[in-house]
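Enquirer: Below is the file upload_23.txt, with compact mmCIF, C-alpha atoms.
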# COMPACT_ATOMS: atom_id res chain seq x y z
CA MET Z 1 106.70 112.63 100.40
CA ARG Z 2 108.00 109.65 102.34
CA HIS Z 3 106.95 106.14 101.27
CA LEU Z 4 107.96 102.58 102.19
CA ILE Z 5 108.63 100.59 99.03
CA ASP Z 6 111.69 98.55 99.98
CA ILE Z 7 113.04 97.68 103.44
CA ARG Z 8 116.29 99.33 102.32
CA ASP Z 9 114.43 102.66 102.38
CA LEU Z 10 114.82 102.55 106.16
CA GLY Z 11 118.10 103.04 108.01
CA ARG Z 12 119.06 101.39 111.27
CA ALA Z 13 117.92 104.31 113.45
CA GLU Z 14 114.52 104.38 111.74
CA LEU Z 15 114.09 100.61 112.10
CA ASP Z 16 114.94 100.80 115.79
CA ALA Z 17 112.51 103.70 116.30
CA LEU Z 18 109.71 101.78 114.53
CA LEU Z 19 110.28 98.67 116.65
CA GLU Z 20 110.35 100.77 119.81
CA ARG Z 21 107.12 102.50 118.80
CA ALA Z 22 105.47 99.17 118.04
CA GLU Z 23 106.45 97.85 121.48
CA ASP Z 24 105.05 100.98 123.07
CA ILE Z 25 101.78 100.49 121.18
CA ILE Z 26 101.61 96.89 122.43
CA SER Z 27 102.20 97.93 126.02
CA ALA Z 28 99.76 100.87 125.99
CA PRO Z 29 97.24 100.38 123.15
CA LYS Z 30 94.68 102.80 124.60
CA GLU Z 31 97.10 105.69 124.32
CA TYR Z 32 97.08 105.20 120.57
CA SER Z 33 93.39 104.43 120.06
CA ASP Z 34 92.68 107.95 118.78
CA SER Z 35 95.97 108.65 117.02
CA CYS Z 36 94.47 108.43 113.53
CA ARG Z 37 91.06 109.95 114.21
CA GLY Z 38 89.87 111.58 110.97
CA LYS Z 39 92.51 109.81 108.88
CA THR Z 40 91.80 107.22 106.17
CA LEU Z 41 93.87 104.31 104.92
CA ALA Z 42 93.19 103.05 101.38
CA THR Z 43 94.00 99.36 100.93
CA LEU Z 44 94.51 98.80 97.20
CA PHE Z 45 94.88 95.04 96.94
CA TYR Z 46 95.12 93.92 93.32
CA GLU Z 47 95.52 90.30 94.42
CA PRO Z 48 94.11 88.28 97.31
CA SER Z 49 95.71 88.44 100.73
CA THR Z 50 94.50 87.40 104.15
CA ARG Z 51 96.95 88.41 106.84
CA THR Z 52 98.45 91.49 105.24
CA ARG Z 53 95.22 93.23 104.25
CA LEU Z 54 93.38 92.38 107.44
CA SER Z 55 96.32 93.40 109.62
CA PHE Z 56 96.56 96.77 107.84
CA GLU Z 57 92.83 97.31 108.26
CA ALA Z 58 92.83 96.18 111.91
CA ALA Z 59 95.82 98.43 112.57
CA MET Z 60 94.07 101.50 111.17
CA TYR Z 61 90.79 100.80 112.98
CA GLU Z 62 92.64 100.32 116.29
CA LEU Z 63 94.32 103.69 115.73
CA GLY Z 64 90.87 105.27 115.43
CA GLY Z 65 91.07 105.78 111.66
CA ASN Z 66 88.95 104.72 108.70
CA VAL Z 67 89.61 102.27 105.90
CA LEU Z 68 88.46 102.09 102.29
CA GLY Z 69 89.69 100.14 99.30
CA PHE Z 70 89.31 96.96 97.30
CA ALA Z 71 90.46 93.37 97.79
CA SER Z 72 90.95 92.22 94.20
CA ALA Z 73 91.66 93.65 90.77
CA ASP Z 74 88.24 92.46 89.57
CA SER Z 75 86.49 94.93 91.84
CA SER Z 76 88.55 97.93 90.72
CA SER Z 77 88.91 100.03 87.59
CA VAL Z 78 92.00 98.06 86.63
CA SER Z 79 89.57 95.58 85.05
CA LYS Z 80 88.64 98.47 82.70
CA GLY Z 81 92.29 99.05 81.85
CA GLU Z 82 93.09 101.93 84.19
CA THR Z 83 96.79 102.52 84.90
CA ILE Z 84 98.26 102.41 88.38
CA ALA Z 85 99.28 106.05 87.95
CA ASP Z 86 95.70 107.20 87.30
CA THR Z 87 94.25 105.04 90.09
CA VAL Z 88 96.55 106.42 92.78
CA ARG Z 89 96.15 110.02 91.58
CA VAL Z 90 92.41 109.65 92.18
CA VAL Z 91 92.62 107.60 95.38
CA SER Z 92 95.07 110.12 96.89
CA GLU Z 93 92.14 112.55 96.99
CA TYR Z 94 90.11 110.16 99.17
CA CYS Z 95 92.68 109.06 101.75
CA ASP Z 96 95.74 110.00 103.80
CA VAL Z 97 97.87 106.88 103.24
CA ILE Z 98 97.81 103.98 100.76
CA ALA Z 99 98.77 100.34 101.30
CA MET Z 100 99.17 98.57 97.95
CA ARG Z 101 99.56 94.93 97.04
CA HIS Z 102 100.07 94.17 93.38
CA PRO Z 103 101.14 91.07 91.41
CA LYS Z 104 103.43 93.18 89.21
CA GLU Z 105 106.89 93.82 90.63
CA GLY Z 106 107.61 97.52 91.00
CA ALA Z 107 103.93 98.57 90.96
CA PRO Z 108 104.09 100.29 94.40
CA LEU Z 109 107.15 102.24 93.25
CA VAL Z 110 105.16 103.50 90.26
CA ALA Z 111 102.28 104.35 92.61
CA SER Z 112 104.59 106.33 94.90
CA ARG Z 113 105.62 108.55 92.00
CA HIS Z 114 102.06 109.62 91.31
CA ALA Z 115 100.42 109.60 94.73
CA THR Z 116 100.14 112.75 96.82
CA VAL Z 117 99.95 110.68 100.04
CA PRO Z 118 102.42 108.12 101.46
CA VAL Z 119 102.42 104.69 99.76
CA ILE Z 120 103.25 101.48 101.62
CA ASN Z 121 104.27 98.44 99.61
CA ALA Z 122 102.15 95.58 100.95
CA GLY Z 123 103.81 93.07 98.61
CA ASP Z 124 104.66 93.26 94.90
CA GLY Z 125 104.86 89.80 93.31
CA GLY Z 126 108.00 87.95 94.33
CA HIS Z 127 109.88 91.19 94.82
CA ASN Z 128 109.47 93.13 98.09
CA HIS Z 129 107.32 92.90 101.19
CA PRO Z 130 108.85 95.39 103.62
CA THR Z 131 106.09 95.28 106.25
CA GLN Z 132 106.66 91.51 106.57
CA THR Z 133 110.30 92.29 107.30
CA LEU Z 134 109.27 94.83 109.94
CA THR Z 135 107.02 92.14 111.41
CA ASP Z 136 109.93 89.68 111.45
CA LEU Z 137 112.30 92.17 113.10
CA LEU Z 138 109.73 93.02 115.79
CA THR Z 139 109.24 89.31 116.46
CA VAL Z 140 112.99 88.71 116.84
CA LYS Z 141 113.21 91.74 119.15
CA ARG Z 142 110.28 90.63 121.33
CA GLU Z 143 111.21 86.96 121.46
CA LYS Z 144 114.96 87.38 121.97
CA GLY Z 145 115.07 90.81 123.61
CA LYS Z 146 117.42 92.12 120.90
CA VAL Z 147 118.04 91.91 117.16
CA GLY Z 148 121.86 91.77 117.09
CA SER Z 149 124.31 89.11 118.33
CA LEU Z 150 122.23 86.14 117.21
CA THR Z 151 122.65 83.05 115.05
CA VAL Z 152 119.76 83.13 112.59
CA GLY Z 153 118.91 80.10 110.47
CA PHE Z 154 116.89 80.38 107.25
CA CYS Z 155 115.46 77.10 106.00
CA GLY Z 156 113.63 76.04 102.83
CA ASP Z 157 113.29 78.07 99.66
CA LEU Z 158 116.04 80.67 99.93
CA LYS Z 159 116.10 81.26 96.19
CA PHE Z 160 112.63 82.64 95.57
CA GLY Z 161 111.64 83.58 99.14
CA ARG Z 162 111.32 87.38 99.09
CA THR Z 163 110.89 87.51 102.88
CA VAL Z 164 114.27 85.81 103.31
CA HIS Z 165 116.12 88.28 101.08
CA SER Z 166 114.50 91.29 102.75
CA LEU Z 167 115.16 90.04 106.28
CA ILE Z 168 118.81 89.29 105.47
CA ASN Z 169 119.07 92.84 104.11
CA ALA Z 170 117.62 94.27 107.31
CA LEU Z 171 119.75 92.04 109.57
CA SER Z 172 122.85 93.29 107.77
CA LEU Z 173 122.32 96.57 109.64
CA TYR Z 174 122.73 94.82 113.00
CA GLU Z 175 125.95 93.74 114.68
CA ASP Z 176 127.26 90.24 115.13
CA ILE Z 177 124.61 88.31 113.18
CA LYS Z 178 125.59 84.85 112.00
CA LEU Z 179 123.49 83.41 109.19
CA VAL Z 180 122.98 79.69 108.69
CA LEU Z 181 121.45 79.07 105.27
CA VAL Z 182 119.72 75.70 104.98
CA SER Z 183 118.29 74.72 101.59
CA PRO Z 184 118.41 72.12 98.83
CA GLU Z 185 121.12 72.90 96.26
CA GLU Z 186 118.45 74.03 93.78
CA LEU Z 187 116.93 76.57 96.17
CA ARG Z 188 120.08 78.22 97.48
CA LEU Z 189 120.25 81.93 98.18
CA PRO Z 190 120.85 83.80 94.86
CA GLY Z 191 124.48 84.70 94.23
CA TYR Z 192 123.75 88.45 94.10
CA THR Z 193 122.10 88.47 97.54
CA TYR Z 194 125.04 86.51 98.92
CA LYS Z 195 127.56 88.84 97.31
CA ASP Z 196 125.78 92.21 97.60
CA VAL Z 197 124.48 91.77 101.13
CA ILE Z 198 126.32 89.05 103.04
CA LEU Z 199 129.84 89.46 101.68
CA LYS Z 200 129.61 93.23 101.25
CA ASN Z 201 128.58 93.69 104.88
CA GLY Z 202 131.05 91.14 106.20
CA MET Z 203 128.32 88.95 107.72
CA GLU Z 204 129.35 85.55 108.99
CA SER Z 205 127.47 82.81 107.15
CA GLU Z 206 127.30 79.07 106.61
CA MET Z 207 125.48 77.09 103.91
CA THR Z 208 124.23 73.57 104.40
CA THR Z 209 121.59 71.14 103.19
CA SER Z 210 121.03 69.59 106.62
CA LEU Z 211 118.77 71.26 109.17
CA GLN Z 212 119.36 68.42 111.60
CA GLU Z 213 123.09 69.16 111.77
CA VAL Z 214 122.76 72.87 112.53
CA ILE Z 215 119.50 73.29 114.43
CA GLY Z 216 121.30 73.04 117.78
CA GLU Z 217 123.35 76.19 117.17
CA LEU Z 218 120.45 78.48 116.19
CA ASP Z 219 118.85 81.27 118.23
CA VAL Z 220 116.24 81.93 115.55
CA LEU Z 221 114.94 79.55 112.89
CA TYR Z 222 113.06 81.15 109.97
CA MET Z 223 111.18 78.43 108.08
CA THR Z 224 109.80 79.11 104.59
CA ARG Z 225 107.34 77.46 102.27
CA VAL Z 226 108.46 76.10 98.91
CA GLN Z 227 106.13 78.09 96.66
CA LYS Z 228 104.46 76.11 93.90
CA GLU Z 229 103.89 79.22 91.77
CA ARG Z 230 107.66 79.76 91.41
CA PHE Z 231 108.20 76.46 89.56
CA PHE Z 232 107.74 75.88 85.85
CA ASN Z 233 108.04 72.16 86.38
CA GLU Z 234 105.58 70.31 88.62
CA GLU Z 235 108.04 67.45 89.13
CA ASP Z 236 110.67 69.76 90.60
CA TYR Z 237 108.11 71.25 92.96
CA MET Z 238 106.91 67.82 94.12
CA ARG Z 239 110.51 66.70 94.68
CA LEU Z 240 111.53 69.78 96.68
CA ARG Z 241 108.39 70.80 98.56
CA ASP Z 242 108.92 68.52 101.54
CA SER Z 243 112.69 68.94 101.76
CA TYR Z 244 112.43 70.14 105.34
CA ILE Z 245 109.73 69.40 107.87
CA LEU Z 246 110.16 70.72 111.38
CA THR Z 247 108.89 68.06 113.80
CA PRO Z 248 108.96 67.75 117.61
CA GLN Z 249 111.76 65.17 117.17
CA LEU Z 250 113.90 67.63 115.23
CA LEU Z 251 113.05 70.42 117.64
CA ALA Z 252 114.31 68.25 120.52
CA ARG Z 253 117.84 68.94 119.19
CA ALA Z 254 117.36 72.72 119.36
CA LYS Z 255 118.17 75.20 122.10
CA PRO Z 256 115.46 75.55 124.76
CA ASP Z 257 115.03 79.24 123.85
CA LEU Z 258 115.01 78.86 120.05
CA CYS Z 259 112.53 81.16 118.31
CA VAL Z 260 110.77 79.43 115.38
CA MET Z 261 109.36 81.86 112.82
CA HIS Z 262 107.44 81.49 109.54
CA PRO Z 263 105.89 84.22 107.37
CA LEU Z 264 102.80 81.96 106.85
CA PRO Z 265 100.89 80.41 105.25
CA ARG Z 266 102.64 77.12 105.97
CA VAL Z 267 101.94 73.89 104.16
CA ASN Z 268 103.96 70.91 105.38
CA GLU Z 269 107.19 72.54 106.50
CA ILE Z 270 106.20 72.81 110.15
CA SER Z 271 104.33 69.90 111.69
CA GLN Z 272 101.15 70.97 113.51
CA GLU Z 273 102.47 69.14 116.57
CA VAL Z 274 105.07 71.91 116.89
CA ASP Z 275 102.37 74.58 117.35
CA SER Z 276 102.00 73.90 121.07
CA ASP Z 277 105.76 74.17 121.71
CA PRO Z 278 106.51 77.53 123.38
CA ARG Z 279 109.34 78.01 120.89
CA ALA Z 280 106.82 78.21 118.04
CA ALA Z 281 106.57 81.99 117.55
CA TYR Z 282 104.86 82.13 114.15
CA PHE Z 283 101.37 82.97 115.36
CA ARG Z 284 102.76 85.60 117.73
CA GLN Z 285 104.73 86.82 114.69
CA ALA Z 286 101.50 87.29 112.71
CA ALA Z 287 100.04 89.28 115.62
CA ASN Z 288 103.12 91.49 115.70
CA GLY Z 289 102.43 92.44 112.09
CA LYS Z 290 99.42 94.51 113.10
CA HIS Z 291 101.34 96.48 115.71
CA VAL Z 292 104.35 97.26 113.56
CA ARG Z 293 102.03 98.39 110.76
CA LYS Z 294 100.42 100.78 113.25
CA ALA Z 295 103.85 102.20 114.04
CA LEU Z 296 104.58 102.57 110.33
CA ILE Z 297 101.26 104.27 109.50
CA LEU Z 298 101.85 106.74 112.35
CA LYS Z 299 105.41 107.47 111.20
CA LEU Z 300 104.40 108.12 107.58
CA LEU Z 301 101.41 110.27 108.55
CA GLU Z 302 103.55 112.31 110.93
CA GLU Z 303 106.20 112.85 108.27
CA ALA Z 304 103.56 113.81 105.68
CA ALA Z 305 102.12 116.41 108.08
CA ARG Z 306 105.47 118.20 108.48
CA MET H 1 142.67 101.55 53.46
CA ASN H 2 142.21 105.32 53.26
CA ILE H 3 139.24 107.21 54.57
CA ASP H 4 139.07 110.98 54.18
CA GLU H 5 139.84 113.26 57.11
CA ILE H 6 136.81 114.82 58.80
CA THR H 7 136.47 118.61 58.95
CA ASP H 8 133.40 118.82 61.18
CA GLY H 9 132.19 115.55 62.62
CA ILE H 10 132.60 112.79 65.17
CA VAL H 11 134.93 109.81 65.51
CA ILE H 12 133.77 107.00 67.76
CA ASP H 13 136.98 105.17 68.56
CA HIS H 14 138.12 102.19 70.66
CA ILE H 15 134.96 100.21 69.99
CA THR H 16 135.38 96.58 70.97
CA ALA H 17 135.92 94.67 67.70
CA GLY H 18 132.58 93.48 66.37
CA ARG H 19 130.38 95.94 68.29
CA SER H 20 130.33 98.79 65.75
CA MET H 21 127.24 97.50 63.96
CA ALA H 22 125.25 97.47 67.23
CA ILE H 23 126.28 101.07 67.89
CA TYR H 24 125.50 102.03 64.29
CA ARG H 25 121.98 100.67 64.72
CA PHE H 26 121.38 102.09 68.22
CA LEU H 27 122.44 105.58 67.14
CA GLY H 28 120.32 105.37 64.00
CA LEU H 29 123.29 106.28 61.78
CA ASP H 30 121.57 104.64 58.81
CA LYS H 31 119.13 107.56 58.85
CA LEU H 32 121.83 110.21 58.30
CA ASP H 33 122.38 111.57 54.81
CA CYS H 34 126.06 112.44 55.40
CA GLN H 35 129.07 110.15 54.95
CA VAL H 36 129.46 107.52 57.66
CA ALA H 37 132.45 105.17 57.63
CA MET H 38 132.57 102.04 59.74
CA ILE H 39 135.97 100.37 60.11
CA GLN H 40 135.99 96.90 61.58
CA ASN H 41 138.98 95.02 63.01
CA ALA H 42 141.38 97.96 62.79
CA THR H 43 144.77 97.28 64.37
CA SER H 44 145.14 98.74 67.85
CA ARG H 45 148.19 98.74 70.10
CA LYS H 46 146.02 98.79 73.24
CA MET H 47 143.19 96.54 72.15
CA GLY H 48 144.70 94.33 69.45
CA ARG H 49 141.64 94.81 67.23
CA LYS H 50 139.05 97.55 67.44
CA ASP H 51 136.21 99.10 65.45
CA ILE H 52 135.92 102.79 64.55
CA ILE H 53 132.98 104.83 63.26
CA LYS H 54 133.54 108.18 61.52
CA ILE H 55 130.58 110.50 61.01
CA ASP H 56 131.02 113.44 58.66
CA ARG H 57 128.68 115.73 60.62
CA LEU H 58 128.33 117.05 64.17
CA ILE H 59 125.40 115.17 65.65
CA ASP H 60 124.07 114.72 69.20
CA ILE H 61 125.29 111.44 70.63
CA ASP H 62 123.42 109.57 73.36
CA PHE H 63 126.34 108.72 75.63
CA ASP H 64 124.09 106.51 77.81
CA VAL H 65 123.43 104.23 74.86
CA ILE H 66 127.07 103.97 73.90
CA GLY H 67 128.34 103.54 77.46
CA CYS H 68 125.83 100.81 78.04
CA ILE H 69 126.75 98.89 74.88
CA ASP H 70 130.49 99.27 75.08
CA PRO H 71 132.15 101.16 77.96
CA GLY H 72 135.69 102.23 77.16
CA ILE H 73 134.80 103.89 73.88
CA THR H 74 136.25 107.35 73.18
CA ILE H 75 134.44 110.04 71.25
CA ASP H 76 136.42 112.71 69.37
CA VAL H 77 134.56 115.81 68.30
CA ILE H 78 136.25 117.37 65.27
CA LYS H 79 135.67 121.04 64.42
CA GLY H 80 137.44 122.84 61.60
CA GLY H 81 139.62 119.80 61.05
CA LYS H 82 140.94 119.90 64.64
CA LEU H 83 140.17 117.88 67.74
CA ALA H 84 137.80 120.12 69.72
CA GLU H 85 136.81 117.65 72.45
CA LYS H 86 137.69 114.13 73.54
CA ARG H 87 135.29 112.22 75.76
CA HIS H 88 135.77 108.90 77.47
CA VAL H 89 132.53 107.02 77.78
CA ASP H 90 131.94 105.13 80.99
CA LEU H 91 129.09 102.99 82.22
CA PRO H 92 126.25 105.37 83.09
CA GLU H 93 124.67 105.06 86.55
CA THR H 94 121.19 105.05 85.03
CA VAL H 95 119.97 104.28 81.53
CA THR H 96 116.50 105.20 80.37
CA GLY H 97 114.80 103.89 77.25
CA VAL H 98 117.71 101.70 76.11
CA LEU H 99 117.43 98.33 77.83
CA VAL H 100 114.13 96.46 78.11
CA CYS H 101 113.10 94.44 81.18
CA LYS H 102 112.45 90.80 80.24
CA ASN H 103 110.76 89.89 83.54
CA PRO H 104 107.11 89.12 82.65
CA ARG H 105 106.13 89.97 86.24
CA CYS H 106 107.66 93.47 86.02
CA VAL H 107 105.27 96.42 86.12
CA THR H 108 106.84 97.72 82.89
CA SER H 109 105.14 94.82 81.08
CA SER H 110 101.67 96.19 81.86
CA GLU H 111 101.73 99.86 82.86
CA ARG H 112 101.27 102.09 79.81
CA GLY H 113 103.68 104.96 79.26
CA LEU H 114 106.20 103.78 81.85
CA PRO H 115 109.83 104.39 80.78
CA GLN H 116 112.28 101.49 80.99
CA VAL H 117 114.88 102.50 83.58
CA PHE H 118 117.92 100.46 84.59
CA ARG H 119 120.49 101.17 87.32
CA LEU H 120 124.11 100.10 87.42
CA THR H 121 124.41 97.84 90.47
CA ASP H 122 127.79 96.20 89.85
CA ARG H 123 130.31 98.31 87.94
CA GLU H 124 133.01 95.66 88.00
CA ASN H 125 130.81 93.06 86.32
CA LYS H 126 128.81 95.62 84.28
CA ILE H 127 125.49 94.52 85.76
CA TYR H 128 122.37 96.64 85.30
CA ARG H 129 119.13 95.94 87.14
CA CYS H 130 115.61 97.13 86.38
CA ALA H 131 114.74 100.11 88.61
CA TYR H 132 111.27 98.64 89.22
CA CYS H 133 111.73 94.89 89.75
CA ASP H 134 115.53 94.55 90.23
CA SER H 135 115.78 91.94 87.45
CA ARG H 136 119.17 91.76 85.79
CA ALA H 137 119.40 93.18 82.28
CA LYS H 138 119.99 90.49 79.66
Transcribe the structure of this file into structure tokens.
Expert:
Amino acid sequence: MRHLIDIRDLGRAELDALLERAEDIISAPKEYSDSCRGKTLATLFYEPSTRTRLSFEAAMYELGGNVLGFASADSSSVSKGETIADTVRVVSEYCDVIAMRHPKEGAPLVASRHATVPVINAGDGGHNHPTQTLTDLLTVKREKGKVGSLTVGFCGDLKFGRTVHSLINALSLYEDIKLVLVSPEELRLPGYTYKDVILKNGMESEMTTSLQEVIGELDVLYMTRVQKERFFNEEDYMRLRDSYILTPQLLARAKPDLCVMHPLPRVNEISQEVDSDPRAAYFRQAANGKHVRKALILKLLEEAAR
Amino acid sequence: MNIDEITDGIVIDHITAGRSMAIYRFLGLDKLDCQVAMIQNATSRKMGRKDIIKIDRLIDIDFDVIGCIDPGITIDVIKGGKLAEKRHVDLPETVTGVLVCKNPRCVTSSERGLPQVFRLTDRENKIYRCAYCDSRAK
């Protein structure tokens, strides 16, 4: 049974095929409106989520399928002490594919070992969020017309930001990517990601603390939120949270075709005045998430049927 | 210092000096009722100092445990007073039930009956990561 637990589960050819399928769905949605007729997606969300859960549900409905599930641990048997293994064994009997979000890291992997239907990791704590990475790749592809041969800047919390690590992993499969890593010293990319992904794959990279100095060379700028829940010390969070704020003045230094992305939700790191700039792609990015999830659901259901 | 020759048993040799007690505990050698000799700080041409454990019985050894604690160890199986087998222990690719994930956000901290599994991700630096959450073993 094929699952998607980690973005590294997908090779380059599979990523390209998913992005191509998603673009086809966007260009001809009606052709896919019955693709999942009679199929059911179970959304097992053990912690709150807005975009991810709703985009999975919207994706399945637009494919003509059905959705069931729960939106918090309180409304499931986990509150009675049920294991993940038992829950997915039972839920597998009611659905054709599962999307799971769980605060515990590795929970979707455990689910995949006990489910009899495909499991999609919809986010496990600070660990993986592969469908966000698919969303990010589709956005780069649609905004820039390609994924390779680009200078991609990551800005903000590069230490704890799971979306950053996953996207760097995925970009390592593409040619001629230059990474510009902008962060405070305390929130630098972890050494193992730098060594195991960037160095191992021979990716060109640059580290800096100044967004102002490098913004002019970027094709893509991926902004991230400094996440309060990752800090043990409130003072550190307060000191670092507003390290970078993208304003129209800063954006004036950027290329006219820069693509500004953000996994959302944002707090202060992108000024609301930037929203009306055509280079602000983050709301289009959120919309792309629904389409790439459709492509993924179709792929996993097709593979399960073989 | 003289320790009797073994007729049927196991010699765990080339243990990094000071690690023999950890291996003794992990293998549960205190529960055996045969003779077990632990030699610490023995002179070694290759290692300078090393520890050795001699067990006067043929027992099953968990090579994963030993490789994880101290790669480079050799295990001599003695039968009828002769060397029957010599094994070099290396870092295992996967270890189950030996290391414990310390990440409080890891699913192993809450899911009942889930085995602790670690994978070798960096052989050169002997780094193991949890198979579920990717946290580094400490």
Enquirer: List as a ChimeraX atom specification the protein and nucleic acid residues near H:Val107, meaning an atom at most 7 Å away when only C-alpha atoms are counted, but skip any in the same chain fewer than 2 places from it.
Expert: /Z:104-107 /H:105,109-111
Enquirer: Report as a CSV table (one decimal) with C-alpha atoms, in the frame of the given file the set of chain Z residues whose atoms approach chain H to within 10 Å, with distances computed over all atoms listed in the file.
Expert:
chain,number,residue,atom,x,y,z
Z,81,GLY,CA,92.3,99.0,81.8
Z,82,GLU,CA,93.1,101.9,84.2
Z,83,THR,CA,96.8,102.5,84.9
Z,84,ILE,CA,98.3,102.4,88.4
Z,85,ALA,CA,99.3,106.0,88.0
Z,102,HIS,CA,100.1,94.2,93.4
Z,103,PRO,CA,101.1,91.1,91.4
Z,104,LYS,CA,103.4,93.2,89.2
Z,105,GLU,CA,106.9,93.8,90.6
Z,106,GLY,CA,107.6,97.5,91.0
Z,107,ALA,CA,103.9,98.6,91.0
Z,108,PRO,CA,104.1,100.3,94.4
Z,109,LEU,CA,107.2,102.2,93.2
Z,110,VAL,CA,105.2,103.5,90.3
Z,124,ASP,CA,104.7,93.3,94.9
Z,125,GLY,CA,104.9,89.8,93.3
Z,126,GLY,CA,108.0,88.0,94.3
Z,127,HIS,CA,109.9,91.2,94.8
Z,128,ASN,CA,109.5,93.1,98.1
Z,192,TYR,CA,123.8,88.4,94.1
Z,196,ASP,CA,125.8,92.2,97.6
Enquirer: What does the structure give for the distance between atom CA of Z:Glu185 and atom CA of Z:Leu250, in Å to one decimal?
Expert: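 Computing it gives 21.0 Å between the two atoms.
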Enquirer: Hey, what's within 10 Å of H:His88 if we count only C-alpha atoms and toss same-chain stuff fewer than 4 positions away? As a PDB file with C-alpha atoms, in the frame of the given file, please?
Expert:
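out27.pdb was written with the following content:
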ATOM      1  CA  ASP H  13     136.980 105.170  68.560  1.00  0.00           C
ATOM      2  CA  HIS H  14     138.120 102.190  70.660  1.00  0.00           C
ATOM      3  CA  PHE H  63     126.340 108.720  75.630  1.00  0.00           C
ATOM      4  CA  GLY H  67     128.340 103.540  77.460  1.00  0.00           C
ATOM      5  CA  PRO H  71     132.150 101.160  77.960  1.00  0.00           C
ATOM      6  CA  GLY H  72     135.690 102.230  77.160  1.00  0.00           C
ATOM      7  CA  ILE H  73     134.800 103.890  73.880  1.00  0.00           C
ATOM      8  CA  THR H  74     136.250 107.350  73.180  1.00  0.00           C
ATOM      9  CA  ILE H  75     134.440 110.040  71.250  1.00  0.00           C
ATOM     10  CA  ASP H  76     136.420 112.710  69.370  1.00  0.00           C
TER      11      ASP H  76
END
Enquirer: Could you give me, as a PyMOL selection string, the residues within 9 Å of Z:Val88, counting all atoms listed in the file and dropping anything in the same chain fewer than 5 positions from it?
Expert: chain Z and resi 83+93+98+111-112+114-116
Enquirer: Could you work out how far atom CA of Z:Glu303 lies from atom CA of Z:Leu44, giving the answer in Å with one decimal?
Expert: 21.4 Å
Enquirer: As number ranges by chain, please: the residues near H:Phe26 (cut-off 10 Å, all atoms listed in the file, same-chain neighbours under 4 positions excluded).
Expert: H: 20-22, 30, 62, 65-66, 69, 98
Enquirer: Find the distance between atom CA of Z:Thr52 and atom CA of Z:Gln132 and write it in Å to one decimal.
Expert: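 Value for the atom CA of Z:Thr52-atom CA of Z:Gln132 distance: 8.3 Å.
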Enquirer: Using only C-alpha atoms, which of the listed residues (Z:Ser276, Z:Val140, Z:Ala170, Z:Met238) sits closest to Z:Leu221?
Expert: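 Going through Z:Ser276, Z:Val140, Z:Ala170, Z:Met238 one by one, the smallest distance to Z:Leu221 is for Z:Val140.
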Enquirer: Around the point (101.0, 78.4, 118.2) in the file's coordinates, collect all residues with an atom within 12 Å, using all atoms listed in the file, and return them as a list in words.
Expert: Cys259, Val260, Met261, His262, Ile270, Ser271, Gln272, Glu273, Val274, Asp275, Ser276, Asp277, Pro278, Arg279, Ala280, Ala281, Tyr282, Phe283, Arg284, Gln285, Ala286 and Ala287 of chain Z
Enquirer: Those residues with C-alpha atoms, as a compact mmCIF listing (two decimals), keeping the file's coordinate frame please?
Expert:
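Output (result_35.txt):
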# COMPACT_ATOMS: atom_id res chain seq x y z
CA CYS Z 259 112.53 81.16 118.31
CA VAL Z 260 110.77 79.43 115.38
CA MET Z 261 109.36 81.86 112.82
CA HIS Z 262 107.44 81.49 109.54
CA ILE Z 270 106.20 72.81 110.15
CA SER Z 271 104.33 69.90 111.69
CA GLN Z 272 101.15 70.97 113.51
CA GLU Z 273 102.47 69.14 116.57
CA VAL Z 274 105.07 71.91 116.89
CA ASP Z 275 102.37 74.58 117.35
CA SER Z 276 102.00 73.90 121.07
CA ASP Z 277 105.76 74.17 121.71
CA PRO Z 278 106.51 77.53 123.38
CA ARG Z 279 109.34 78.01 120.89
CA ALA Z 280 106.82 78.21 118.04
CA ALA Z 281 106.57 81.99 117.55
CA TYR Z 282 104.86 82.13 114.15
CA PHE Z 283 101.37 82.97 115.36
CA ARG Z 284 102.76 85.60 117.73
CA GLN Z 285 104.73 86.82 114.69
CA ALA Z 286 101.50 87.29 112.71
CA ALA Z 287 100.04 89.28 115.62
Enquirer: Please, what is the axis-aligned box for every listed atom of stretch 24-42 of chain Z with 3 Å on each side, as centre and edge lengths in Å to one decimal, as lines of an AutoDock Vina configuration file?
Expert:
center_x = 97.5
center_y = 104.2
center_z = 113.7
size_x = 21.2
size_y = 20.7
size_z = 30.6
Enquirer: So that I can see what lies close to H:Leu99, please list as a list in words the residues with an atom at most 9 Å from it, counting all atoms listed in the file and leaving out residues fewer than 3 positions away in the same chain.
Expert: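 In the requested format, the answer is Val65, Cys68, Val95, Thr96, Gln116, Val117, Phe118, Cys130, Ala137 and Lys138 of chain H.
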Enquirer: Name the closest residue to Z:Asp16 among the candidates Z:Leu134, Z:Lys228, Z:Leu251, Z:Val182; distances are taken between atoms, counting all atoms listed in the file.
Expert: Z:Leu134
Enquirer: Give as JSON, numbers by chain every residue, naming chains and numbers as the document does, that has an atom within 12 Å of (111.0, 91.3, 117.8), counting all atoms listed in the file.
Expert: {"Z": [15, 16, 18, 19, 20, 21, 22, 23, 26, 133, 134, 135, 136, 137, 138, 139, 140, 141, 142, 143, 144, 145, 146, 147, 148, 220, 259, 261, 281, 282, 284, 285, 286, 287, 288, 289, 291, 292]}
Enquirer: Out of Z:Val119, Z:Asp9, Z:Glu14, Z:Ala73, which residue has the shortest atom-to-atom distance to Z:Val91 when counting only C-alpha atoms?
Expert: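 Residue with the minimum atom-to-atom distance to Z:Val91: Z:Val119.
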